[in-house]
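Heads up, coords.cif below (mmCIF, N, CA and C atoms):
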```
data_start
loop_
_atom_site.label_atom_id
_atom_site.label_comp_id
_atom_site.auth_asym_id
_atom_site.auth_seq_id
_atom_site.Cartn_x
_atom_site.Cartn_y
_atom_site.Cartn_z
N MET A 1 115.87 66.19 114.10
CA MET A 1 115.00 65.96 112.96
C MET A 1 114.36 67.28 112.55
N ILE A 2 114.29 67.54 111.27
CA ILE A 2 113.71 68.78 110.76
C ILE A 2 112.20 68.62 110.67
N SER A 3 111.49 69.60 111.23
CA SER A 3 110.03 69.58 111.19
C SER A 3 109.56 70.19 109.88
N VAL A 4 108.69 69.51 109.18
CA VAL A 4 108.16 70.00 107.91
C VAL A 4 106.81 70.65 108.21
N GLY A 5 106.90 71.89 108.67
CA GLY A 5 105.70 72.63 109.00
C GLY A 5 105.23 73.47 107.82
N PRO A 6 104.13 74.18 107.99
CA PRO A 6 103.60 74.99 106.90
C PRO A 6 104.56 76.10 106.46
N GLU A 7 105.38 76.61 107.40
CA GLU A 7 106.32 77.67 107.02
C GLU A 7 107.37 77.14 106.04
N LEU A 8 107.89 75.95 106.32
CA LEU A 8 108.89 75.36 105.44
C LEU A 8 108.31 75.05 104.08
N ILE A 9 107.11 74.51 104.07
CA ILE A 9 106.46 74.18 102.79
C ILE A 9 106.17 75.45 102.00
N ALA A 10 105.67 76.48 102.66
CA ALA A 10 105.36 77.75 101.98
C ALA A 10 106.64 78.42 101.48
N GLY A 11 107.69 78.39 102.29
CA GLY A 11 108.97 78.98 101.87
C GLY A 11 109.55 78.25 100.68
N THR A 12 109.48 76.93 100.69
CA THR A 12 109.99 76.14 99.57
C THR A 12 109.18 76.43 98.31
N ALA A 13 107.87 76.54 98.46
CA ALA A 13 107.01 76.85 97.32
C ALA A 13 107.36 78.23 96.74
N ALA A 14 107.61 79.20 97.61
CA ALA A 14 107.96 80.55 97.14
C ALA A 14 109.29 80.54 96.41
N ILE A 15 110.26 79.80 96.93
CA ILE A 15 111.57 79.72 96.27
C ILE A 15 111.44 79.06 94.91
N LEU A 16 110.70 77.96 94.84
CA LEU A 16 110.50 77.27 93.56
C LEU A 16 109.76 78.16 92.56
N ALA A 17 108.74 78.87 93.04
CA ALA A 17 108.00 79.76 92.15
C ALA A 17 108.90 80.87 91.61
N ALA A 18 109.74 81.42 92.47
CA ALA A 18 110.65 82.48 92.02
C ALA A 18 111.68 81.93 91.04
N ALA A 19 112.18 80.73 91.30
CA ALA A 19 113.15 80.12 90.39
C ALA A 19 112.52 79.83 89.03
N ILE A 20 111.27 79.35 89.05
CA ILE A 20 110.58 79.07 87.79
C ILE A 20 110.30 80.36 87.04
N THR A 21 109.97 81.42 87.78
CA THR A 21 109.68 82.71 87.15
C THR A 21 110.95 83.38 86.63
N ALA A 22 112.00 83.41 87.44
CA ALA A 22 113.22 84.13 87.07
C ALA A 22 114.17 83.29 86.23
N GLY A 23 114.06 81.97 86.30
CA GLY A 23 114.99 81.09 85.59
C GLY A 23 115.07 81.34 84.10
N PRO A 24 113.95 81.32 83.37
CA PRO A 24 114.01 81.55 81.93
C PRO A 24 114.61 82.90 81.55
N ALA A 25 114.27 83.94 82.32
CA ALA A 25 114.82 85.27 82.04
C ALA A 25 116.33 85.26 82.24
N TYR A 26 116.79 84.59 83.27
CA TYR A 26 118.23 84.53 83.53
C TYR A 26 118.95 83.76 82.42
N ILE A 27 118.39 82.63 82.01
CA ILE A 27 119.01 81.85 80.93
C ILE A 27 119.04 82.66 79.64
N THR A 28 117.98 83.37 79.33
CA THR A 28 117.94 84.21 78.13
C THR A 28 118.99 85.29 78.20
N ALA A 29 119.14 85.90 79.38
CA ALA A 29 120.14 86.95 79.55
C ALA A 29 121.55 86.39 79.34
N ARG A 30 121.79 85.19 79.85
CA ARG A 30 123.11 84.56 79.67
C ARG A 30 123.39 84.27 78.20
N LYS A 31 122.38 83.79 77.49
CA LYS A 31 122.56 83.45 76.08
C LYS A 31 122.72 84.69 75.20
N SER A 32 122.12 85.80 75.61
CA SER A 32 122.19 87.01 74.79
C SER A 32 123.52 87.75 74.95
N GLY A 33 124.36 87.30 75.87
CA GLY A 33 125.69 87.88 76.03
C GLY A 33 125.73 89.16 76.83
N ARG A 34 124.86 89.29 77.77
CA ARG A 34 124.91 90.47 78.63
C ARG A 34 126.25 90.51 79.36
N THR A 35 126.65 91.70 79.72
CA THR A 35 127.89 91.83 80.48
C THR A 35 127.68 91.39 81.92
N ALA A 36 128.77 91.22 82.64
CA ALA A 36 128.68 90.78 84.04
C ALA A 36 127.89 91.77 84.88
N THR A 37 127.98 93.04 84.58
CA THR A 37 127.23 94.06 85.34
C THR A 37 125.74 93.85 85.14
N ARG A 38 125.35 93.61 83.90
CA ARG A 38 123.93 93.40 83.63
C ARG A 38 123.45 92.09 84.22
N GLU A 39 124.31 91.07 84.25
CA GLU A 39 123.93 89.81 84.89
C GLU A 39 123.71 90.04 86.38
N GLY A 40 124.53 90.89 86.96
CA GLY A 40 124.35 91.23 88.37
C GLY A 40 123.01 91.90 88.61
N GLU A 41 122.60 92.74 87.66
CA GLU A 41 121.30 93.40 87.77
C GLU A 41 120.18 92.36 87.73
N ALA A 42 120.29 91.40 86.83
CA ALA A 42 119.26 90.37 86.72
C ALA A 42 119.20 89.54 88.00
N THR A 43 120.36 89.24 88.56
CA THR A 43 120.40 88.48 89.80
C THR A 43 119.75 89.26 90.93
N ARG A 44 120.10 90.55 91.02
CA ARG A 44 119.50 91.38 92.07
C ARG A 44 117.98 91.48 91.90
N GLU A 45 117.52 91.59 90.66
CA GLU A 45 116.08 91.65 90.40
C GLU A 45 115.40 90.34 90.80
N ALA A 46 116.04 89.22 90.48
CA ALA A 46 115.48 87.91 90.83
C ALA A 46 115.43 87.74 92.34
N ILE A 47 116.46 88.18 93.03
CA ILE A 47 116.50 88.08 94.49
C ILE A 47 115.44 88.99 95.11
N ALA A 48 115.26 90.18 94.54
CA ALA A 48 114.23 91.09 95.05
C ALA A 48 112.83 90.49 94.85
N ALA A 49 112.62 89.84 93.71
CA ALA A 49 111.32 89.20 93.46
C ALA A 49 111.11 88.05 94.44
N LEU A 50 112.15 87.27 94.68
CA LEU A 50 112.06 86.17 95.63
C LEU A 50 111.76 86.70 97.03
N HIS A 51 112.44 87.77 97.41
CA HIS A 51 112.24 88.38 98.73
C HIS A 51 110.78 88.83 98.88
N ALA A 52 110.23 89.44 97.85
CA ALA A 52 108.84 89.90 97.91
C ALA A 52 107.88 88.72 98.08
N ARG A 53 108.15 87.63 97.36
CA ARG A 53 107.28 86.45 97.47
C ARG A 53 107.36 85.83 98.86
N VAL A 54 108.58 85.71 99.38
CA VAL A 54 108.75 85.13 100.72
C VAL A 54 108.05 86.00 101.76
N ASP A 55 108.18 87.32 101.64
CA ASP A 55 107.48 88.21 102.57
C ASP A 55 105.97 88.04 102.49
N ALA A 56 105.44 87.89 101.27
CA ALA A 56 104.00 87.70 101.10
C ALA A 56 103.54 86.39 101.74
N VAL A 57 104.32 85.34 101.54
CA VAL A 57 103.96 84.04 102.14
C VAL A 57 104.04 84.13 103.66
N ALA A 58 105.07 84.79 104.18
CA ALA A 58 105.20 84.93 105.63
C ALA A 58 104.01 85.70 106.20
N GLU A 59 103.57 86.72 105.49
CA GLU A 59 102.41 87.49 105.95
C GLU A 59 101.15 86.63 105.93
N ASP A 60 101.00 85.80 104.89
CA ASP A 60 99.85 84.90 104.82
C ASP A 60 99.86 83.89 105.96
N VAL A 61 101.04 83.35 106.26
CA VAL A 61 101.16 82.39 107.36
C VAL A 61 100.82 83.06 108.69
N HIS A 62 101.29 84.28 108.88
CA HIS A 62 100.99 85.01 110.12
C HIS A 62 99.49 85.25 110.25
N LEU A 63 98.83 85.64 109.16
CA LEU A 63 97.39 85.88 109.17
C LEU A 63 96.65 84.58 109.47
N LEU A 64 97.06 83.49 108.84
CA LEU A 64 96.42 82.20 109.07
C LEU A 64 96.56 81.76 110.52
N ARG A 65 97.74 81.96 111.10
CA ARG A 65 97.94 81.59 112.51
C ARG A 65 97.03 82.39 113.43
N SER A 66 96.86 83.68 113.14
CA SER A 66 95.99 84.49 114.00
C SER A 66 94.54 84.05 113.85
N GLU A 67 94.13 83.64 112.65
CA GLU A 67 92.76 83.16 112.45
C GLU A 67 92.56 81.83 113.18
N VAL A 68 93.53 80.95 113.12
CA VAL A 68 93.44 79.66 113.83
C VAL A 68 93.35 79.92 115.33
N SER A 69 94.13 80.86 115.82
CA SER A 69 94.10 81.20 117.24
C SER A 69 92.72 81.70 117.65
N ALA A 70 92.11 82.52 116.82
CA ALA A 70 90.77 83.04 117.13
C ALA A 70 89.74 81.91 117.15
N VAL A 71 89.85 80.97 116.21
CA VAL A 71 88.92 79.85 116.18
C VAL A 71 89.10 78.98 117.42
N ARG A 72 90.34 78.72 117.80
CA ARG A 72 90.58 77.92 119.01
C ARG A 72 90.04 78.60 120.25
N GLU A 73 90.19 79.91 120.32
CA GLU A 73 89.66 80.66 121.45
C GLU A 73 88.14 80.52 121.52
N TRP A 74 87.49 80.65 120.36
CA TRP A 74 86.04 80.50 120.31
C TRP A 74 85.63 79.09 120.73
N GLN A 75 86.39 78.07 120.30
CA GLN A 75 86.06 76.70 120.65
C GLN A 75 86.13 76.48 122.17
N VAL A 76 87.11 77.08 122.82
CA VAL A 76 87.23 76.95 124.27
C VAL A 76 86.02 77.59 124.95
N VAL A 77 85.65 78.77 124.52
CA VAL A 77 84.50 79.47 125.10
C VAL A 77 83.23 78.65 124.88
N HIS A 78 83.06 78.14 123.68
CA HIS A 78 81.86 77.36 123.34
C HIS A 78 81.78 76.08 124.18
N ALA A 79 82.91 75.39 124.29
CA ALA A 79 82.93 74.16 125.10
C ALA A 79 82.64 74.47 126.57
N THR A 80 83.16 75.59 127.06
CA THR A 80 82.90 76.00 128.44
C THR A 80 81.42 76.30 128.65
N GLU A 81 80.82 76.97 127.70
CA GLU A 81 79.38 77.26 127.80
C GLU A 81 78.59 75.97 127.91
N HIS A 82 78.91 74.99 127.08
CA HIS A 82 78.19 73.72 127.11
C HIS A 82 78.43 72.99 128.43
N ALA A 83 79.64 73.05 128.92
CA ALA A 83 79.96 72.41 130.20
C ALA A 83 79.15 73.06 131.33
N LEU A 84 79.01 74.37 131.29
CA LEU A 84 78.25 75.07 132.33
C LEU A 84 76.75 74.80 132.20
N MET A 85 76.25 74.64 130.97
CA MET A 85 74.84 74.36 130.77
C MET A 85 74.46 72.97 131.27
N THR A 86 75.38 72.04 131.21
CA THR A 86 75.06 70.65 131.59
C THR A 86 75.48 70.33 133.03
N ARG A 87 75.89 71.31 133.80
CA ARG A 87 76.34 71.09 135.18
C ARG A 87 75.23 70.64 136.09
N ASP A 88 74.05 71.13 135.87
CA ASP A 88 72.94 70.86 136.80
C ASP A 88 72.46 69.45 136.76
#
```
Structure re-expressed in C-alpha cells:
Amino acid sequence: MISVGPELIAGTAAILAAAITAGPAYITARKSGRTATREGEATREAIAALHARVDAVAEDVHLLRSEVSAVREWQVVHATEHALMTRD
C-alpha cells in the first residue's frame, strides 16, 4: 500500500503547479508553430522550473521535519522535568 505522506502531497502539488504554470506557455508555443528544436527548449525550461519547485518543496519538508524533531525533543525534556518534580 502506498503511504500518502507529506512528501508525496508536496511533490504532487509541485508537479501540478509546474504543469499549470508551464502548460499554457507550451500550448501557445505549439500553436505558434515553433520548430522541434524550440519545442525542446520549452520542454527543458519547463522541466528546469519543475525541478526548482520540487527542490524548494523538499527543502521546506526537510526544515519542517527538523523543527518537529526539536519540538519533540523539548517535549521529552519537559515531561521528564515534570516527572522528576512529582517524584517526592
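With atom N of Met85 of chain A on one side and atom C of Val71 of chain A on the other, the separation reads 19.2 Å.
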- Task: Could you tell me which residues the PyMOL selection byres ((chain A and resi 42-51) around 7) returns for this structure, as a list of chain:residue names?
- Result: A:Ala14, A:Ile15, A:Ala18, A:Ala19, A:Ala22, A:Tyr26, A:Thr37, A:Arg38, A:Glu39, A:Gly40, A:Glu41, A:Ala52, A:Arg53, A:Val54, A:Asp55, A:Ala56
- Query: Do you have the atom N of Leu63 of chain A-atom C of Ala10 of chain A distance handy?
  - Reply: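 Separation between atom N of Leu63 of chain A and atom C of Ala10 of chain A: 13.1 Å.
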- Rounded to one decimal place, report the atom CA of Glu73 of chain A-atom CA of Leu8 of chain A distance in Å.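 Result for atom CA of Glu73 of chain A versus atom CA of Leu8 of chain A: 25.6 Å, one decimal.
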Can you tell me, as JSON, the centre and edge lengths (Å, one decimal) of the axis-aligned box enclosing all of segment 77-85 of chain A's listed atoms after padding each side by 6 Å?
```
{"center_x": 80.1, "center_y": 75.9, "center_z": 127.8, "size_x": 23.2, "size_y": 19.1, "size_z": 21.0}
```
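Shell of Gly5 of chain A at 12 Å, with only C-alpha atoms counted and residues fewer than 6 places along the chain excluded, is A:Gly11, A:Thr12, A:Val61.
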